[in-house]
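Here the structure is laid out as structure tokens; the discussion comes afterwards.
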Amino acid sequence: MFKIIHAQFIAPGIKRFVIEAPRIARKQQPGQFVILRICEQGERIPLTIEKSDPEHGTVNIVVQSIGKTTHLLNSLEAGDSILDIVGPLGKPSEIASYGTVVAIGGGVGTAMAYPTAAAMKRAGNKVISIIGGRNKDLVILEDEMKEVSDTVFVTTDDGSYADKGLVTDKLRQLIENGTRIDLVLAVGPIPMMRAVADMTRKENIRTFVSLNPIMIDGTGMCGGCRVLVEGKSEFACVDGPEFDAHRVDFAVLVQRNAMYRDAEKRSMDEYRQQVEAKKPEAKQAPTEVVTAGCALEAK
Amino acid sequence: MTTEKTVEKVKTKSKNPVPNRDRIKMPRQHMPEQLPVLRAKQFTEVNLGYPEELARQEAIRCLECAKPTCVNDCPVGVKVKDFVQLIVEGKYMEAAAKIREDNVLPAITGRVCPQEDHCEAGCLLKKKGESLGIGYLERFVADYEQQHFDLSTIVKAPPTGKKVAIVGSGPSGLTAAGDLVTKGHAVHVFEALHEIGGVLVYGIPEFRLPKRIIRQQVDYMRAMGVVFETDVVVGRTVTIDELLEEEGYDAVFIGTGAGAPQFMGIPGEHLNGVYSANEFLTRINLMHAYEFPKYDEPLLDFRGKNVAVIGGGNTALDAIRSALRLGAGKAYVLYRRSETEMPARIEEVKHAKEEGIEFQVLAAPVEFLSDDKGWLTGARCIKMELGEPDASGRRRPVPIKGSEYVVPLAVAIMAIGTSANPIIQSTTPGLKTNKWGYIQASETTQRTSRKGVFAGGDIVTGAATVILAMGAGRRAAKGIDEYLTTGQWEEQPV
């Protein structure tokens with residue numbers, strides 16, 4: 001069991017957890033992730049490590065509510081426990097002195113871009129960060145990014161905060177302005193990463209993306225997370241999660257991530273029903289609702 | 001007459017009521033099984049186990065050879081003749097204890113060990129009929145023990161003060177752990193997944209090896225004093241060097257298995273609907289996807305669909321029989337050689353056929369076909385004929401020109417073998433591997449090129465069987481115990 005020390009929403013539907021996991025905290029490097037399972041009936045899902053504190057033996061993860069497991073996870077509070085967390089998994093980011101590094105974070109992807117940006121800065125790079133969200137509320141880790149970047153640009157899709165537009169619009173501006181860019185790291189939704197890859201390919205700018213295909217064990221045993229890299233299958237959990245963006249087949253990534261859409265929808269619908277069923281009488285009658293999969297904790 | 005005399009002698013010694021010449025005439029007792037029509041629809045165990053009466057009947061058949069080949073042919077050296085005689089005498093707990101002297105996982109080997117290749121292979125009874133049902137008897141004794149043994153009565157060995165880390169909780173790791181803890185060493189087992197058992201848990205399906213059996217065997221080991229820690233990927237969460245230098249382990253055993261799945265490298269393996277057997281079986285066995293939505297891990301909907309497994313080993317059969325239980329309309333085994341060369345156990349092939357699995361032998365896919373959304377629709381296959389024997393000694397399959405045909409499929413499961421997972425080798429300086437990435441280890445003591453580090457099982461030999469991995473675990477435990485006792489490390493290259 002892994003105890004949650006601290007849990008707080010940092011944006012609507014996005015929660016930061018500080019979790020006691022001393023072994024992982026001691027070893028974590030930028031670019032790596034964990035796989036967790038909330039309870040006995042739970043599925044295993046990979047999640048970004050934002051940062052870790054080896055001294056206190058804690059790791060931070062940032063979770064966006066998307067499907068059932070992430071919704072359930074985000075209903076947990078400090079003092080609750082998570083049954084299994086394993087990591088740090090994946091290859092660490094290749095930290096070196098490249099010159100100027102542009103770190104791009106889209107939505108919750110900023111939490112994965114952050115530790116790498118910080119390490120790049122420590123390695124002597126000039127770091128320009130571009131972070132974006134659909135609206136003002138969904139821009140996360142702006143202050144943290146400012147601390148580790150020479151410049152931070154913020155974009156919102158609806159213009160409710162900072163520059164209206166996409167992170168790629170800002171990247172295009174930088175390129176058009178003749179800004180020297182030696183390396184780009186992009187983490188976010190697949191369409192965003194694909195757009196970044198298309199843009200930098202033309203300019204011949206070395207670009208890494210951090211991929212999040214469906215995973216189970218995270219040790220290279222199942223091969224479920226295979227991504228097509230220049231026509232060859234590679235495993236995101238051990239060969240990645242970072243890949244050369246110009247070699248990744250994003251269409252196959254989208255296709256494979258859609259594999260369990262029906263089941264995911266069913267799980268989510270049933271979870272919603274459980275939440276609804278619990279809501280009105282919850283305080284008076286804490287009777288156990290018959291739940292599928294990971295049960296809602298009786299709070 | 002001399003023969004009469006011999007029988008008399010045996011009788012007094014063994015308490016077997018039947019003379020030898022009559023034992024030969026007794027038929028082998030069949031294992032009671034679930035009916036094929038029932039079991040093809042559910043994941044509960046196929047073999048039901050001998051009731052006491054059948055076990056006694058079967059045990060009585062043992063000829064009590066003066067030089068029993070069954071003992072020699074067992075990779076862990078179970079004293080077969082002795083435990084079978086204890087069954088004849090009705091001393092089942094003593095029989096269990098006798099097996100445990102050499103095998104810490106009797107309920108598991110009694111179910112999944114290929115006895116026909118080991119203990120039962122040279123059985124004298126085979127000359128006149130069928131060999132003794134040693135595996136069935138082992139299972140009977142282990143299950144009897146499970147029901148009647150009180151774990152709290154286990155007496156722990158006096159501690160030696162030495163600490164051993166076991167990496168991986170599959171058959172080799174569990175065996176090494178069991179043997180070492182009985183010597184009094186402190187044993188700590190690290191497992192990457194959330195459940196103990198390695199391939200026994202994620203690979204072998206419930207209908208062949210129920211999870212509760214593994215848990216019971218693990219509970220037994222806990223009672224012996226073995227400590228288990230899940231969610232630790234050695235090489236990532238902690239390295240071998242850190243275990244030795246920072247965590248104070250005096251020796252490490254690596255038994256991580258040959259876990260990396262292989263693909264054929266043919267077009268379309270990335271399509272939705274193409275699984276590695278490892279992924280498919282892990283979803284079902286470890287993650288209980290067949291119980292979705294009670295469990296959260298999803299699986300594609302198999303009901304009424306055409307499903308094929310590519311390969312002819314036990315993993316292939318485990319996978320396709322699982323697919324059938326998920327409701328597959330048609331379930332095929334596509335194997336590139338003929339049935340004679342098939343590496344799967346005979347019993348498994350028999351069970352699969354009874355359940356309605358269709359075998360398409362001498363055939364292999366050359367390409368997977370899809371719709372415009374990336375979902376598998378079929379496999380273009382080619383027929384094979386057998387040519388000259390290859391390096392494995394089996395006749396090589398040769399494609400027949402112009403014999404291509406299409407099998408419509410919604411799911412294809414690749415069970416063509418595994419390779420070495422490199423995580424530990426790549427994070428342990430000085431640990432020698434062979435050209436395929438498997439760890440080099442001595443065949444007698446399982447020591448590696450690194451002082452204090454031992455390795456065994458599939459990570460040394462490549463994919464093999466549970467019992468061979470257990471044999472390596474035993475040798476390693478002996479090697480480790482010697483090393484810890486004497487402090488001697490042979491510096492010869494492995």
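Labeling convention for the structure tokens: chains A, B, ... as they appear, residues from 1 per chain, ligands from 1 in order of appearance.
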
Would you please give, as a ChimeraX atom specification, all residues of range 46-219 of chain A that DSSP assigns to strand (DSSP E) based on the backbone?
/A:46-53,58-64,81-82,84-89,100-106,126-133,151-156,163-164,183-187,206-210

Residues of range 23-272 of chain A in alpha helix (DSSP H), written as a ChimeraX atom specification
/A:23-27,68-73,110-122,142-148,167-176,190-203,236-239,250-257,261-272

Which is closest to Ser322 in chain B among B:Ile416, B:Ala391, B:Leu86, B:Ala40, if we use only C-alpha atoms?
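So, comparing all the options, the nearest one is B:Ala40.
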
Of the candidates A:Asn74, A:Ser129, A:Thr69, A:Gln8, which shows the shortest atom-to-atom distance to chain B, using only C-alpha atoms?
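Distance minimum relative to chain B lands on A:Thr69.
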
Would you pick out the contacts of Val189 in chain B at 10 Å or less, using only C-alpha atoms, so that residues sharing its chain but fewer than 4 positions from it are not included, and give the list as number ranges by chain?
B: 164-169, 173-174, 176-177, 196, 226-230, 232, 252-253

Mind listing as JSON, numbers by chain which residues of chain B are within 9 Å of chain A, counting only C-alpha atoms?
{"B": [192, 193, 194, 230, 231, 232, 233, 236, 237, 238, 258, 259, 260, 261, 262, 263, 265, 269, 270, 271, 272, 273, 275, 276, 277, 278, 279, 280, 281, 282, 283, 287, 288, 292, 293, 294, 295, 296, 297, 298, 299, 300, 301, 373, 374, 375, 421, 422, 423]}

Go ahead and write the residues just picked, N, CA and C atoms, as a compact mmCIF listing (two decimals), in the first residue's frame.
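Below is the file that was written, result-v2.txt:
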# COMPACT_ATOMS: atom_id res chain seq x y z
N ALA B 192 8.21 -7.79 -9.76
CA ALA B 192 7.88 -6.56 -10.49
C ALA B 192 6.37 -6.32 -10.54
N LEU B 193 5.60 -7.38 -10.67
CA LEU B 193 4.15 -7.23 -10.77
C LEU B 193 3.53 -7.13 -9.37
N HIS B 194 2.20 -7.02 -9.34
CA HIS B 194 1.55 -6.84 -8.04
C HIS B 194 1.17 -8.16 -7.39
N THR B 230 6.26 -6.93 -3.53
CA THR B 230 5.78 -6.74 -4.91
C THR B 230 6.10 -5.32 -5.37
N ASP B 231 5.80 -5.02 -6.64
CA ASP B 231 5.97 -3.68 -7.21
C ASP B 231 7.41 -3.21 -7.20
N VAL B 232 8.35 -4.10 -7.33
CA VAL B 232 9.76 -3.71 -7.43
C VAL B 232 10.34 -4.27 -8.73
N VAL B 233 10.67 -3.37 -9.64
CA VAL B 233 11.32 -3.79 -10.89
C VAL B 233 12.81 -3.66 -10.67
N ARG B 236 15.30 -1.11 -12.25
CA ARG B 236 14.71 0.23 -12.30
C ARG B 236 14.48 0.78 -10.89
N THR B 237 13.68 0.04 -10.10
CA THR B 237 13.35 0.51 -8.75
C THR B 237 14.57 0.42 -7.84
N VAL B 238 15.37 -0.61 -8.05
CA VAL B 238 16.60 -0.80 -7.29
C VAL B 238 17.50 -1.66 -8.17
N ALA B 258 12.18 -15.37 -19.24
CA ALA B 258 12.38 -14.84 -20.60
C ALA B 258 11.09 -14.17 -21.00
N GLY B 259 10.92 -12.97 -20.47
CA GLY B 259 9.58 -12.37 -20.55
C GLY B 259 9.25 -11.56 -21.78
N ALA B 260 10.23 -11.25 -22.63
CA ALA B 260 9.91 -10.32 -23.72
C ALA B 260 9.27 -11.04 -24.90
N PRO B 261 8.09 -10.61 -25.31
CA PRO B 261 7.39 -11.33 -26.38
C PRO B 261 8.02 -11.11 -27.74
N GLN B 262 7.99 -12.14 -28.58
CA GLN B 262 8.50 -11.99 -29.93
C GLN B 262 7.34 -11.83 -30.91
N PHE B 263 7.60 -11.05 -31.93
CA PHE B 263 6.65 -10.94 -33.03
C PHE B 263 7.33 -11.48 -34.28
N GLY B 265 7.45 -10.01 -37.28
CA GLY B 265 8.00 -9.01 -38.18
C GLY B 265 7.30 -9.00 -39.53
N GLU B 269 1.27 -6.34 -37.81
CA GLU B 269 1.28 -6.79 -36.41
C GLU B 269 0.88 -5.69 -35.43
N HIS B 270 0.81 -4.45 -35.93
CA HIS B 270 0.41 -3.34 -35.06
C HIS B 270 -1.10 -3.16 -35.06
N LEU B 271 -1.83 -3.95 -35.84
CA LEU B 271 -3.27 -3.75 -35.98
C LEU B 271 -4.01 -4.01 -34.66
N ASN B 272 -5.16 -3.36 -34.52
CA ASN B 272 -6.01 -3.64 -33.36
C ASN B 272 -6.60 -5.03 -33.53
N GLY B 273 -6.35 -5.89 -32.56
CA GLY B 273 -6.81 -7.27 -32.67
C GLY B 273 -5.63 -8.23 -32.70
N TYR B 275 -2.55 -9.50 -30.69
CA TYR B 275 -2.00 -9.51 -29.34
C TYR B 275 -0.72 -10.36 -29.31
N SER B 276 0.17 -10.06 -28.40
CA SER B 276 1.16 -11.06 -28.01
C SER B 276 0.45 -11.99 -27.04
N ALA B 277 0.87 -13.25 -27.00
CA ALA B 277 0.26 -14.17 -26.03
C ALA B 277 0.46 -13.64 -24.62
N ASN B 278 1.62 -13.04 -24.37
CA ASN B 278 1.89 -12.48 -23.05
C ASN B 278 0.84 -11.44 -22.66
N GLU B 279 0.55 -10.53 -23.58
CA GLU B 279 -0.43 -9.49 -23.25
C GLU B 279 -1.81 -10.09 -23.05
N PHE B 280 -2.20 -10.93 -23.99
CA PHE B 280 -3.54 -11.54 -23.92
C PHE B 280 -3.71 -12.32 -22.62
N LEU B 281 -2.71 -13.16 -22.31
CA LEU B 281 -2.81 -13.98 -21.10
C LEU B 281 -2.69 -13.13 -19.83
N THR B 282 -1.86 -12.09 -19.87
CA THR B 282 -1.73 -11.22 -18.70
C THR B 282 -3.05 -10.52 -18.41
N ARG B 283 -3.69 -10.04 -19.47
CA ARG B 283 -4.99 -9.39 -19.27
C ARG B 283 -5.96 -10.35 -18.60
N MET B 287 -4.92 -9.84 -14.66
CA MET B 287 -5.83 -8.71 -14.53
C MET B 287 -7.31 -9.08 -14.53
N HIS B 288 -7.61 -10.38 -14.69
CA HIS B 288 -9.01 -10.85 -14.63
C HIS B 288 -9.91 -10.18 -15.67
N PHE B 292 -14.47 -8.73 -16.61
CA PHE B 292 -14.91 -7.37 -16.85
C PHE B 292 -16.43 -7.36 -16.92
N PRO B 293 -17.16 -6.41 -16.35
CA PRO B 293 -16.67 -5.20 -15.68
C PRO B 293 -16.48 -5.33 -14.17
N LYS B 294 -16.57 -6.54 -13.63
CA LYS B 294 -16.29 -6.68 -12.20
C LYS B 294 -14.85 -6.24 -11.94
N TYR B 295 -13.96 -6.59 -12.85
CA TYR B 295 -12.58 -6.08 -12.83
C TYR B 295 -12.47 -5.04 -13.94
N ASP B 296 -11.61 -4.05 -13.73
CA ASP B 296 -11.58 -2.91 -14.65
C ASP B 296 -10.82 -3.15 -15.95
N GLU B 297 -9.86 -4.09 -15.94
CA GLU B 297 -9.01 -4.24 -17.14
C GLU B 297 -9.87 -4.77 -18.29
N PRO B 298 -9.87 -4.08 -19.42
CA PRO B 298 -10.72 -4.52 -20.53
C PRO B 298 -10.03 -5.51 -21.46
N LEU B 299 -10.84 -6.09 -22.32
CA LEU B 299 -10.36 -7.01 -23.34
C LEU B 299 -11.32 -6.82 -24.52
N LEU B 300 -10.87 -7.15 -25.73
CA LEU B 300 -11.80 -7.05 -26.85
C LEU B 300 -12.94 -8.05 -26.65
N ASP B 301 -14.05 -7.79 -27.31
CA ASP B 301 -15.19 -8.69 -27.22
C ASP B 301 -14.95 -9.88 -28.16
N LYS B 373 -9.94 1.23 -40.59
CA LYS B 373 -9.73 1.85 -39.28
C LYS B 373 -8.64 1.15 -38.47
N GLY B 374 -7.95 0.23 -39.11
CA GLY B 374 -6.83 -0.41 -38.42
C GLY B 374 -7.23 -1.62 -37.59
N TRP B 375 -8.42 -2.16 -37.83
CA TRP B 375 -8.84 -3.37 -37.12
C TRP B 375 -8.56 -4.61 -37.97
N ASN B 421 14.51 -10.38 -21.42
CA ASN B 421 14.24 -8.99 -21.05
C ASN B 421 15.55 -8.38 -20.57
N PRO B 422 15.98 -7.26 -21.18
CA PRO B 422 17.33 -6.75 -20.90
C PRO B 422 17.46 -5.85 -19.67
N ILE B 423 16.39 -5.59 -18.93
CA ILE B 423 16.46 -4.56 -17.88
C ILE B 423 17.59 -4.81 -16.88

Need to verify the contact set: range 57-71 of chain B, 10 Å, only C-alpha atoms, exclusion of same-chain residues closer than 2 positions in sequence. Can you return it as a ChimeraX atom specification?
/B:10,14-30,50,52-55,73-89,115,118-125,131-134,136-137

Extract, using only C-alpha atoms, all DNA, RNA and protein residues at most 12 Å from Lys435 in chain B, discarding same-chain residues fewer than 3 positions from it, and format them as number ranges by chain.
B: 419-420, 432, 438-440, 460, 462

Looking at A:Met145, A:Met112, A:Ile131, A:Ile82, which one is nearest to Asp157 in chain A, with distances taken over only C-alpha atoms?
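Nearest to Asp157 in chain A: A:Ile131.
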
Within 10 Å of Ile10 in chain A, counting only C-alpha atoms, which residues show up once you throw out same-chain ones fewer than 4 positions away? Write them as a PyMOL selection string, please.
chain A and resi 14-16+62-63+137-141
